[in-house]
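Shown next: start28.cif, given as mmCIF, C-alpha atoms.
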data_model
#
loop_
_atom_site.label_atom_id
_atom_site.label_comp_id
_atom_site.auth_asym_id
_atom_site.auth_seq_id
_atom_site.Cartn_x
_atom_site.Cartn_y
_atom_site.Cartn_z
CA LYS M 1 15.92 -14.28 1.39
CA THR M 2 16.33 -15.14 -2.31
CA ASP M 3 15.37 -18.81 -2.56
CA LEU M 4 11.97 -17.79 -3.96
CA LEU M 5 13.57 -15.67 -6.69
CA LYS M 6 12.14 -16.50 -10.11
CA ILE M 7 14.07 -16.27 -13.39
CA ASN M 8 12.33 -15.81 -16.73
CA LYS M 9 14.84 -16.42 -19.52
CA GLN M 10 12.48 -14.97 -22.11
CA GLU M 11 12.18 -11.58 -20.39
CA GLY M 12 14.60 -8.92 -19.25
CA SER M 13 14.67 -7.67 -15.67
CA GLY M 14 12.48 -4.72 -14.85
CA THR M 15 14.27 -1.38 -14.94
CA SER M 16 13.49 2.14 -13.79
CA PHE M 17 14.89 5.57 -14.63
CA ILE M 18 14.30 8.12 -11.87
CA LEU M 19 14.52 11.90 -12.15
CA VAL M 20 14.81 13.63 -8.78
CA ALA M 21 14.13 17.37 -8.54
CA PRO M 22 15.98 19.67 -6.09
CA SER M 23 12.80 19.63 -3.97
CA GLY M 24 13.12 15.86 -3.53
CA GLU M 25 10.06 15.10 -5.66
CA ARG M 26 10.64 12.57 -8.44
CA ILE M 27 9.34 11.15 -11.70
CA ILE M 28 9.86 7.44 -12.37
CA PHE M 29 9.97 5.91 -15.85
CA ALA M 30 9.51 2.18 -15.36
CA GLN M 31 9.67 -0.84 -17.65
CA ARG M 32 8.40 -3.81 -15.65
CA GLY M 33 9.96 -6.51 -17.82
CA ALA M 34 9.83 -9.96 -16.20
CA ASN M 35 7.72 -8.58 -13.35
CA ASN M 36 4.74 -8.82 -15.69
CA SER M 37 5.09 -12.60 -15.76
CA LEU M 38 5.00 -13.07 -11.98
CA ASN M 39 2.84 -16.00 -10.96
CA LEU M 40 2.55 -17.94 -7.73
CA GLY M 41 3.24 -21.66 -7.86
CA ALA M 42 2.70 -24.39 -5.28
CA LYS M 43 6.10 -23.70 -3.66
CA ASP M 44 5.30 -20.00 -3.25
CA LEU M 45 1.92 -20.69 -1.70
CA LYS M 46 3.46 -23.24 0.67
CA GLU M 47 5.88 -20.55 1.88
CA LEU M 48 2.95 -18.15 2.26
CA ASP M 49 1.36 -20.70 4.60
CA LEU M 50 4.19 -19.98 7.05
CA ALA M 51 3.52 -16.24 7.21
CA LYS M 52 1.69 -14.73 10.17
CA ASN M 53 0.34 -11.87 8.06
CA VAL M 54 0.37 -10.78 4.41
CA TYR M 55 1.28 -7.44 2.83
CA ILE M 56 0.39 -6.92 -0.85
CA ALA M 57 1.59 -4.04 -3.02
CA SER M 58 1.13 -3.30 -6.74
CA LEU M 59 0.82 -6.32 -9.04
CA THR M 60 0.74 -6.73 -12.82
CA GLY M 61 0.67 -9.71 -15.17
CA THR M 62 -1.61 -12.46 -13.82
CA TRP M 63 -2.43 -10.29 -10.83
CA TYR M 64 -6.05 -11.40 -10.44
CA LYS M 65 -5.15 -15.09 -10.19
CA ASN M 66 -2.33 -14.22 -7.81
CA LEU M 67 -4.75 -12.30 -5.59
CA GLU M 68 -7.21 -15.19 -5.61
CA ASP M 69 -4.47 -17.55 -4.43
CA ILE M 70 -3.14 -15.15 -1.78
CA PHE M 71 -6.55 -14.44 -0.28
CA SER M 72 -7.43 -18.13 -0.32
CA VAL M 73 -4.31 -18.97 1.70
CA ALA M 74 -4.93 -16.03 4.05
CA LYS M 75 -8.49 -17.19 4.71
CA ASP M 76 -7.40 -20.76 5.43
CA ASN M 77 -4.70 -19.59 7.85
CA GLY M 78 -6.52 -16.68 9.49
CA GLN M 79 -3.84 -14.22 8.32
CA LYS M 80 -4.40 -10.48 8.34
CA VAL M 81 -4.05 -8.93 4.86
CA PHE M 82 -2.69 -5.41 4.35
CA TRP M 83 -3.23 -4.18 0.80
CA ASN M 84 -1.90 -1.20 -1.13
CA PRO M 85 -3.31 -1.92 -4.62
CA GLY M 86 -1.59 -0.60 -7.74
CA MET M 87 -3.16 1.42 -10.52
CA THR M 88 -3.88 -1.72 -12.56
CA GLN M 89 -6.09 -2.98 -9.76
CA LEU M 90 -7.70 0.41 -9.09
CA LEU M 91 -8.61 0.96 -12.74
CA SER M 92 -10.33 -2.41 -12.85
CA GLY M 93 -12.90 -0.96 -10.45
CA TYR M 94 -14.73 -2.13 -7.38
CA LYS M 95 -16.82 -4.60 -9.36
CA ARG M 96 -13.66 -6.62 -10.01
CA ILE M 97 -11.64 -6.14 -6.83
CA GLY M 98 -14.41 -5.56 -4.30
CA ARG M 99 -14.36 -9.24 -3.29
CA PHE M 100 -10.77 -8.75 -2.13
CA ILE M 101 -11.32 -5.37 -0.48
CA ARG M 102 -14.03 -6.86 1.70
CA LYS M 103 -11.50 -9.35 3.11
CA VAL M 104 -8.63 -7.00 4.01
CA THR M 105 -7.72 -5.75 7.45
CA VAL M 106 -6.20 -2.56 6.03
CA LEU M 107 -6.71 -0.91 2.65
CA ALA M 108 -4.01 1.74 2.17
CA LEU M 109 -4.19 4.36 -0.59
CA ASN M 110 -3.04 7.88 -1.30
CA GLN M 111 -5.61 10.61 -1.92
CA ASP M 112 -5.53 10.31 -5.72
CA GLU M 113 -5.74 6.52 -5.60
CA ALA M 114 -8.73 6.66 -3.27
CA LEU M 115 -10.59 8.99 -5.63
CA GLN M 116 -9.60 6.83 -8.60
CA LEU M 117 -11.05 3.73 -6.93
CA LEU M 118 -14.30 5.44 -6.01
CA HIS M 119 -14.81 6.92 -9.48
CA SER M 120 -13.79 3.81 -11.40
CA SER M 121 -16.19 1.78 -9.32
CA LYS M 122 -18.94 4.43 -9.53
CA ARG M 123 -19.44 3.95 -5.79
CA LEU M 124 -19.11 7.32 -4.07
CA ASN M 125 -21.08 5.98 -1.09
CA GLY M 126 -23.28 9.05 -0.76
CA PHE M 127 -20.54 11.65 -1.21
CA ASP M 128 -20.15 13.98 -4.20
CA ASP M 129 -16.80 15.24 -5.51
CA LYS M 130 -16.91 18.35 -3.35
CA ALA M 131 -17.60 16.34 -0.20
CA LEU M 132 -14.76 13.93 -0.99
CA LYS M 133 -12.27 16.80 -0.69
CA ASN M 134 -12.86 16.45 3.04
CA PRO M 135 -10.40 13.75 4.24
CA GLU M 136 -12.88 12.31 6.74
CA ASN M 137 -15.50 11.83 4.04
CA LEU M 138 -12.91 10.23 1.76
CA ALA M 139 -11.70 7.83 4.45
CA ARG M 140 -15.30 6.92 5.32
CA ALA M 141 -16.24 6.36 1.65
CA ILE M 142 -13.28 4.00 1.19
CA HIS M 143 -14.08 2.20 4.44
CA LEU M 144 -17.64 1.62 3.22
CA LEU M 145 -16.22 -0.40 0.33
CA GLY M 146 -15.62 -3.15 2.86
CA ALA M 147 -12.13 -2.90 4.39
CA LYS M 148 -11.86 -3.15 8.18
CA ILE M 149 -9.59 -0.09 8.24
CA SER M 150 -8.99 2.55 5.57
CA VAL M 151 -5.71 4.48 5.55
CA ILE M 152 -5.39 7.50 3.23
CA THR M 153 -2.14 9.45 2.87
CA LEU M 154 -2.73 13.13 2.10
CA GLY M 155 0.69 14.33 0.88
CA PRO M 156 1.86 17.39 2.86
CA GLU M 157 -1.41 17.29 4.84
CA GLY M 158 -0.41 14.06 6.57
CA VAL M 159 -2.57 10.96 6.86
CA ILE M 160 -6.02 9.86 8.01
CA ALA M 161 -7.25 6.42 9.06
CA PHE M 162 -10.76 5.22 9.85
CA ASP M 163 -11.84 1.97 11.50
CA GLY M 164 -15.60 2.47 11.29
CA ASN M 165 -15.80 4.12 14.70
CA LYS M 166 -12.96 6.59 15.03
CA PHE M 167 -10.88 8.81 12.76
CA TYR M 168 -7.12 8.99 13.32
CA ARG M 169 -5.48 12.11 11.86
CA LYS M 170 -1.73 12.77 11.88
CA LYS M 171 0.51 15.47 10.46
CA ILE M 172 3.69 14.57 8.60
CA LEU M 173 6.94 14.74 10.53
CA LYS M 174 9.22 17.49 9.29
CA GLU M 175 12.36 15.92 7.88
CA LYS M 176 15.76 17.49 8.56
CA LYS M 177 16.58 17.48 4.85
CA ARG M 178 14.36 16.59 1.88
CA VAL M 179 16.48 14.72 -0.66
CA ASP M 180 14.36 12.07 -2.41
CA THR M 181 10.74 10.89 -2.02
CA THR M 182 11.21 7.68 -4.05
CA GLY M 183 9.42 4.77 -2.39
CA ILE M 184 7.86 6.92 0.32
CA GLY M 185 4.37 5.46 -0.15
CA ASP M 186 5.57 1.86 0.04
CA ILE M 187 7.65 2.67 3.11
CA PHE M 188 4.77 4.34 4.91
CA ASN M 189 2.24 1.60 4.15
CA SER M 190 4.51 -1.35 4.95
CA SER M 191 5.67 0.38 8.16
CA PHE M 192 2.05 0.92 9.17
CA ALA M 193 1.33 -2.77 8.60
CA ALA M 194 4.35 -3.75 10.70
CA GLY M 195 3.34 -1.32 13.44
CA TYR M 196 -0.24 -2.56 13.45
CA VAL M 197 1.00 -6.08 14.11
CA MET M 198 3.73 -5.14 16.62
CA TYR M 199 1.50 -2.79 18.58
CA GLU M 200 -1.40 -5.25 18.63
CA ALA M 201 -3.83 -3.29 16.43
CA ASN M 202 -3.02 0.12 17.96
CA ILE M 203 -3.69 2.36 14.95
CA ASP M 204 -2.33 5.48 16.63
CA LYS M 205 1.07 3.90 17.35
CA ALA M 206 1.20 2.26 13.92
CA LEU M 207 0.69 5.64 12.23
CA ASP M 208 3.45 7.21 14.35
CA LEU M 209 5.88 4.45 13.35
CA ALA M 210 5.02 4.80 9.66
CA LEU M 211 5.43 8.58 9.70
CA LYS M 212 8.75 8.34 11.54
CA ASN M 213 10.20 5.80 9.10
CA ALA M 214 8.98 7.75 6.06
CA ALA M 215 10.51 10.99 7.37
CA ALA M 216 13.85 9.26 8.00
CA LYS M 217 14.03 7.92 4.44
CA VAL M 218 13.23 11.26 2.74
CA GLY M 219 16.60 12.63 3.84
CA HIS M 220 18.48 10.04 1.77
CA LEU M 221 18.83 9.25 -1.92
CA GLY M 222 17.30 5.95 -3.02
CA ALA M 223 14.25 3.92 -2.08
CA GLN M 224 15.72 2.14 0.98
CA ASN M 225 18.57 4.25 2.35
CA GLY M 226 17.85 5.88 5.70
CA LEU M 227 15.25 3.39 6.90
CA LEU M 228 15.15 3.04 10.67
CA LYS M 229 16.02 -0.04 12.68
CA PHE M 230 13.28 -1.05 15.10
CA LYS M 231 15.45 -0.21 18.14
CA LYS M 232 15.42 3.44 16.99
#
How would this structure read if it were set down as structure tokens?
Amino acid sequence: KTDLLKINKQEGSGTSFILVAPSGERIIFAQRGANNSLNLGAKDLKELDLAKNVYIASLTGTWYKNLEDIFSVAKDNGQKVFWNPGMTQLLSGYKRIGRFIRKVTVLALNQDEALQLLHSSKRLNGFDDKALKNPENLARAIHLLGAKISVITLGPEGVIAFDGNKFYRKKILKEKKRVDTTGIGDIFNSSFAAGYVMYEANIDKALDLALKNAAAKVGHLGAQNGLLKFKK
């Protein structure tokens, strides 16, 4: 669907240069270009009204105003919000983004992002740095920031989720061939959100779906090649 595509004639399109190592790990050099001028107008928010749920990834530019508008619409419509904040949001600290975190159904971060958020906010929630090396402590500390469910990816150690009552721990699925990890975090988090909705809040099944889709993509070059169809 491209009818919501915005064109900024004063800015160039965002571009990225990606270096992929033989191991499949990558470094991305990105110039966001017109992405930095993204703003949500009345038409965009009207379309958002039609959504059953909302998934938010990294934002730049007028990101704070955009978040205010998104969460306002979500509150009015009773939509679940799944959020994987970008580094711009994390560096702003809990004092600035805590009001949004307290409204999300799922806050999804990787291990480094979780630590960054806790340290930038100066809210370790009773855990010191040594204790936060324990995934359960880290997931609990993030959950205490206000999200209904915290999901923390742990690289080769898999993933952990916490809903305030139970921890869900999963190992990564071994891919047949490791070609390119570009986009793996976005794929995992968006797949978890989709699974959470499809499986009616079953965290265990949602994690399995996310891990399966992420493992399928790693065997292909590019950020979208190899993604599974739901029937698979």
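Using only C-alpha atoms for every distance, the candidate list M:Ala34, M:Ile172, M:Ala215, M:Ala193 yields M:Ala34 as the residue closest to M:Ile7.
Distance check against M:Glu113 using only C-alpha atoms: of M:Gly126, M:Thr88, M:Ile27, M:Gly78, the minimum falls on M:Thr88.
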Kindly resolve the PyMOL selection byres ((chain M and resi 136) around 12) on the present coordinates and return the residues as a PyMOL selection string.
chain M and resi 111+127+131-135+137-143+150-154+159-169
Could you take the residues named above and write them with C-alpha atoms, as a compact mmCIF listing (two decimals), keeping the file's coordinate frame?
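Once written, out.txt looks like this:
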# COMPACT_ATOMS: atom_id res chain seq x y z
CA GLN M 111 -5.61 10.61 -1.92
CA PHE M 127 -20.54 11.65 -1.21
CA ALA M 131 -17.60 16.34 -0.20
CA LEU M 132 -14.76 13.93 -0.99
CA LYS M 133 -12.27 16.80 -0.69
CA ASN M 134 -12.86 16.45 3.04
CA PRO M 135 -10.40 13.75 4.24
CA ASN M 137 -15.50 11.83 4.04
CA LEU M 138 -12.91 10.23 1.76
CA ALA M 139 -11.70 7.83 4.45
CA ARG M 140 -15.30 6.92 5.32
CA ALA M 141 -16.24 6.36 1.65
CA ILE M 142 -13.28 4.00 1.19
CA HIS M 143 -14.08 2.20 4.44
CA SER M 150 -8.99 2.55 5.57
CA VAL M 151 -5.71 4.48 5.55
CA ILE M 152 -5.39 7.50 3.23
CA THR M 153 -2.14 9.45 2.87
CA LEU M 154 -2.73 13.13 2.10
CA VAL M 159 -2.57 10.96 6.86
CA ILE M 160 -6.02 9.86 8.01
CA ALA M 161 -7.25 6.42 9.06
CA PHE M 162 -10.76 5.22 9.85
CA ASP M 163 -11.84 1.97 11.50
CA GLY M 164 -15.60 2.47 11.29
CA ASN M 165 -15.80 4.12 14.70
CA LYS M 166 -12.96 6.59 15.03
CA PHE M 167 -10.88 8.81 12.76
CA TYR M 168 -7.12 8.99 13.32
CA ARG M 169 -5.48 12.11 11.86
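The space between atom CA of M:Thr182 and atom CA of M:Glu25 spans 7.7 Å.
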Please provide as JSON, numbers by chain all residues within 10 Å of M:His119, with the sequence filter that same-chain residues fewer than 6 positions apart are discarded (counting all atoms listed in the file).
{"M": [90, 91, 93, 94, 113, 129]}
Output check: residues returned by the PyMOL selection byres ((chain M and resi 85) around 12), as a compact mmCIF listing (two decimals) with C-alpha atoms, in the coordinates of the input:
# COMPACT_ATOMS: atom_id res chain seq x y z
CA TYR M 55 1.28 -7.44 2.83
CA ILE M 56 0.39 -6.92 -0.85
CA ALA M 57 1.59 -4.04 -3.02
CA SER M 58 1.13 -3.30 -6.74
CA LEU M 59 0.82 -6.32 -9.04
CA THR M 60 0.74 -6.73 -12.82
CA TRP M 63 -2.43 -10.29 -10.83
CA TYR M 64 -6.05 -11.40 -10.44
CA LEU M 67 -4.75 -12.30 -5.59
CA VAL M 81 -4.05 -8.93 4.86
CA PHE M 82 -2.69 -5.41 4.35
CA TRP M 83 -3.23 -4.18 0.80
CA ASN M 84 -1.90 -1.20 -1.13
CA GLY M 86 -1.59 -0.60 -7.74
CA MET M 87 -3.16 1.42 -10.52
CA THR M 88 -3.88 -1.72 -12.56
CA GLN M 89 -6.09 -2.98 -9.76
CA LEU M 90 -7.70 0.41 -9.09
CA LEU M 91 -8.61 0.96 -12.74
CA SER M 92 -10.33 -2.41 -12.85
CA GLY M 93 -12.90 -0.96 -10.45
CA TYR M 94 -14.73 -2.13 -7.38
CA ILE M 97 -11.64 -6.14 -6.83
CA GLY M 98 -14.41 -5.56 -4.30
CA PHE M 100 -10.77 -8.75 -2.13
CA ILE M 101 -11.32 -5.37 -0.48
CA VAL M 104 -8.63 -7.00 4.01
CA VAL M 106 -6.20 -2.56 6.03
CA LEU M 107 -6.71 -0.91 2.65
CA ALA M 108 -4.01 1.74 2.17
CA LEU M 109 -4.19 4.36 -0.59
CA ASN M 110 -3.04 7.88 -1.30
CA GLU M 113 -5.74 6.52 -5.60
CA ALA M 114 -8.73 6.66 -3.27
CA GLN M 116 -9.60 6.83 -8.60
CA LEU M 117 -11.05 3.73 -6.93
CA GLY M 185 4.37 5.46 -0.15
CA ASP M 186 5.57 1.86 0.04
CA ASN M 189 2.24 1.60 4.15
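As for atom CA of M:Thr62 and atom CA of M:Ser37, they are spaced 7.0 Å apart.
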State, in Å with one decimal place, the distance from atom CA of M:Phe188 to atom CA of M:Asn66.
23.6 Å
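Taken over the shown file, the PyMOL selection byres ((chain M and resi 214) around 10) identifies Ile172, Leu173, Glu175, Thr181, Gly183, Ile184, Gly185, Asp186, Ile187, Phe188, Asn189, Ser191, Asp208, Leu209, Ala210, Leu211, Lys212, Asn213, Ala215, Ala216, Lys217, Val218, Gly219, Gly226, Leu227 and Leu228 of chain M.
Nearest residue to M:Asn202 among M:Ile149, M:Phe17, M:Ile28, M:Leu4 is M:Ile149, counting all atoms listed in the file.
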Distance cut-off 10 Å, centre (-6.5, -15.7, 2.9) in file coordinates, counting all atoms listed in the file: which residues qualify? Return them as a list in words.
Leu48, Asp49, Asn53, Val54, Leu67, Glu68, Asp69, Ile70, Phe71, Ser72, Val73, Ala74, Lys75, Asp76, Asn77, Gly78, Gln79, Lys80, Val81, Phe100, Lys103 and Val104 of chain M
Every residue with an atom at most 12 Å from (12.1, -5.6, -14.5) (file coordinates; only C-alpha atoms) is what I'm after, so could you write them as a PDB file with C-alpha atoms, in the coordinates of the input?
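Result saved to result22.pdb:
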ATOM      1  CA  LYS M   6      12.140 -16.500 -10.110  1.00  0.00           C
ATOM      2  CA  ILE M   7      14.070 -16.270 -13.390  1.00  0.00           C
ATOM      3  CA  ASN M   8      12.330 -15.810 -16.730  1.00  0.00           C
ATOM      4  CA  GLU M  11      12.180 -11.580 -20.390  1.00  0.00           C
ATOM      5  CA  GLY M  12      14.600  -8.920 -19.250  1.00  0.00           C
ATOM      6  CA  SER M  13      14.670  -7.670 -15.670  1.00  0.00           C
ATOM      7  CA  GLY M  14      12.480  -4.720 -14.850  1.00  0.00           C
ATOM      8  CA  THR M  15      14.270  -1.380 -14.940  1.00  0.00           C
ATOM      9  CA  SER M  16      13.490   2.140 -13.790  1.00  0.00           C
ATOM     10  CA  PHE M  17      14.890   5.570 -14.630  1.00  0.00           C
ATOM     11  CA  PHE M  29       9.970   5.910 -15.850  1.00  0.00           C
ATOM     12  CA  ALA M  30       9.510   2.180 -15.360  1.00  0.00           C
ATOM     13  CA  GLN M  31       9.670  -0.840 -17.650  1.00  0.00           C
ATOM     14  CA  ARG M  32       8.400  -3.810 -15.650  1.00  0.00           C
ATOM     15  CA  GLY M  33       9.960  -6.510 -17.820  1.00  0.00           C
ATOM     16  CA  ALA M  34       9.830  -9.960 -16.200  1.00  0.00           C
ATOM     17  CA  ASN M  35       7.720  -8.580 -13.350  1.00  0.00           C
ATOM     18  CA  ASN M  36       4.740  -8.820 -15.690  1.00  0.00           C
ATOM     19  CA  SER M  37       5.090 -12.600 -15.760  1.00  0.00           C
ATOM     20  CA  LEU M  38       5.000 -13.070 -11.980  1.00  0.00           C
ATOM     21  CA  THR M  60       0.740  -6.730 -12.820  1.00  0.00           C
TER      22      THR M  60
END
Can you give me N, CA and C atoms for stretch 130-148 of chain M, written as a JSON list (two decimals), keeping the file's coordinate frame?
[["chain", "number", "residue", "atom", "x", "y", "z"],
["M", 130, "LYS", "N", -17.25, 17.28, -4.28],
["M", 130, "LYS", "CA", -16.91, 18.35, -3.35],
["M", 130, "LYS", "C", -16.76, 17.80, -1.94],
["M", 131, "ALA", "N", -17.66, 16.92, -1.55],
["M", 131, "ALA", "CA", -17.60, 16.34, -0.20],
["M", 131, "ALA", "C", -16.36, 15.47, -0.01],
["M", 132, "LEU", "N", -15.92, 14.82, -1.09],
["M", 132, "LEU", "CA", -14.76, 13.93, -0.99],
["M", 132, "LEU", "C", -13.44, 14.69, -0.84],
["M", 133, "LYS", "N", -13.47, 16.01, -0.97],
["M", 133, "LYS", "CA", -12.27, 16.80, -0.69],
["M", 133, "LYS", "C", -12.00, 16.86, 0.81],
["M", 134, "ASN", "N", -13.02, 16.54, 1.59],
["M", 134, "ASN", "CA", -12.86, 16.45, 3.04],
["M", 134, "ASN", "C", -12.25, 15.08, 3.36],
["M", 135, "PRO", "N", -11.07, 15.04, 3.98],
["M", 135, "PRO", "CA", -10.40, 13.75, 4.24],
["M", 135, "PRO", "C", -11.25, 12.75, 5.02],
["M", 136, "GLU", "N", -12.04, 13.23, 5.97],
["M", 136, "GLU", "CA", -12.88, 12.31, 6.74],
["M", 136, "GLU", "C", -13.92, 11.64, 5.85],
["M", 137, "ASN", "N", -14.52, 12.41, 4.96],
["M", 137, "ASN", "CA", -15.50, 11.83, 4.04],
["M", 137, "ASN", "C", -14.84, 10.81, 3.11],
["M", 138, "LEU", "N", -13.62, 11.14, 2.66],
["M", 138, "LEU", "CA", -12.91, 10.23, 1.76],
["M", 138, "LEU", "C", -12.56, 8.92, 2.47],
["M", 139, "ALA", "N", -12.05, 9.03, 3.69],
["M", 139, "ALA", "CA", -11.70, 7.83, 4.45],
["M", 139, "ALA", "C", -12.94, 6.99, 4.76],
["M", 140, "ARG", "N", -14.06, 7.65, 5.04],
["M", 140, "ARG", "CA", -15.30, 6.92, 5.32],
["M", 140, "ARG", "C", -15.81, 6.23, 4.06],
["M", 141, "ALA", "N", -15.76, 6.93, 2.91],
["M", 141, "ALA", "CA", -16.24, 6.36, 1.65],
["M", 141, "ALA", "C", -15.44, 5.11, 1.28],
["M", 142, "ILE", "N", -14.12, 5.16, 1.47],
["M", 142, "ILE", "CA", -13.28, 4.00, 1.19],
["M", 142, "ILE", "C", -13.58, 2.87, 2.18],
["M", 143, "HIS", "N", -13.76, 3.22, 3.43],
["M", 143, "HIS", "CA", -14.08, 2.20, 4.44],
["M", 143, "HIS", "C", -15.38, 1.48, 4.10],
["M", 144, "LEU", "N", -16.35, 2.21, 3.57],
["M", 144, "LEU", "CA", -17.64, 1.62, 3.22],
["M", 144, "LEU", "C", -17.55, 0.63, 2.06],
["M", 145, "LEU", "N", -16.41, 0.61, 1.37],
["M", 145, "LEU", "CA", -16.22, -0.40, 0.33],
["M", 145, "LEU", "C", -16.00, -1.78, 0.92],
["M", 146, "GLY", "N", -15.69, -1.84, 2.22],
["M", 146, "GLY", "CA", -15.62, -3.15, 2.86],
["M", 146, "GLY", "C", -14.40, -3.46, 3.70],
["M", 147, "ALA", "N", -13.34, -2.64, 3.60],
["M", 147, "ALA", "CA", -12.13, -2.90, 4.39],
["M", 147, "ALA", "C", -12.39, -2.63, 5.87],
["M", 148, "LYS", "N", -11.72, -3.37, 6.74],
["M", 148, "LYS", "CA", -11.86, -3.15, 8.18],
["M", 148, "LYS", "C", -11.34, -1.77, 8.56]]
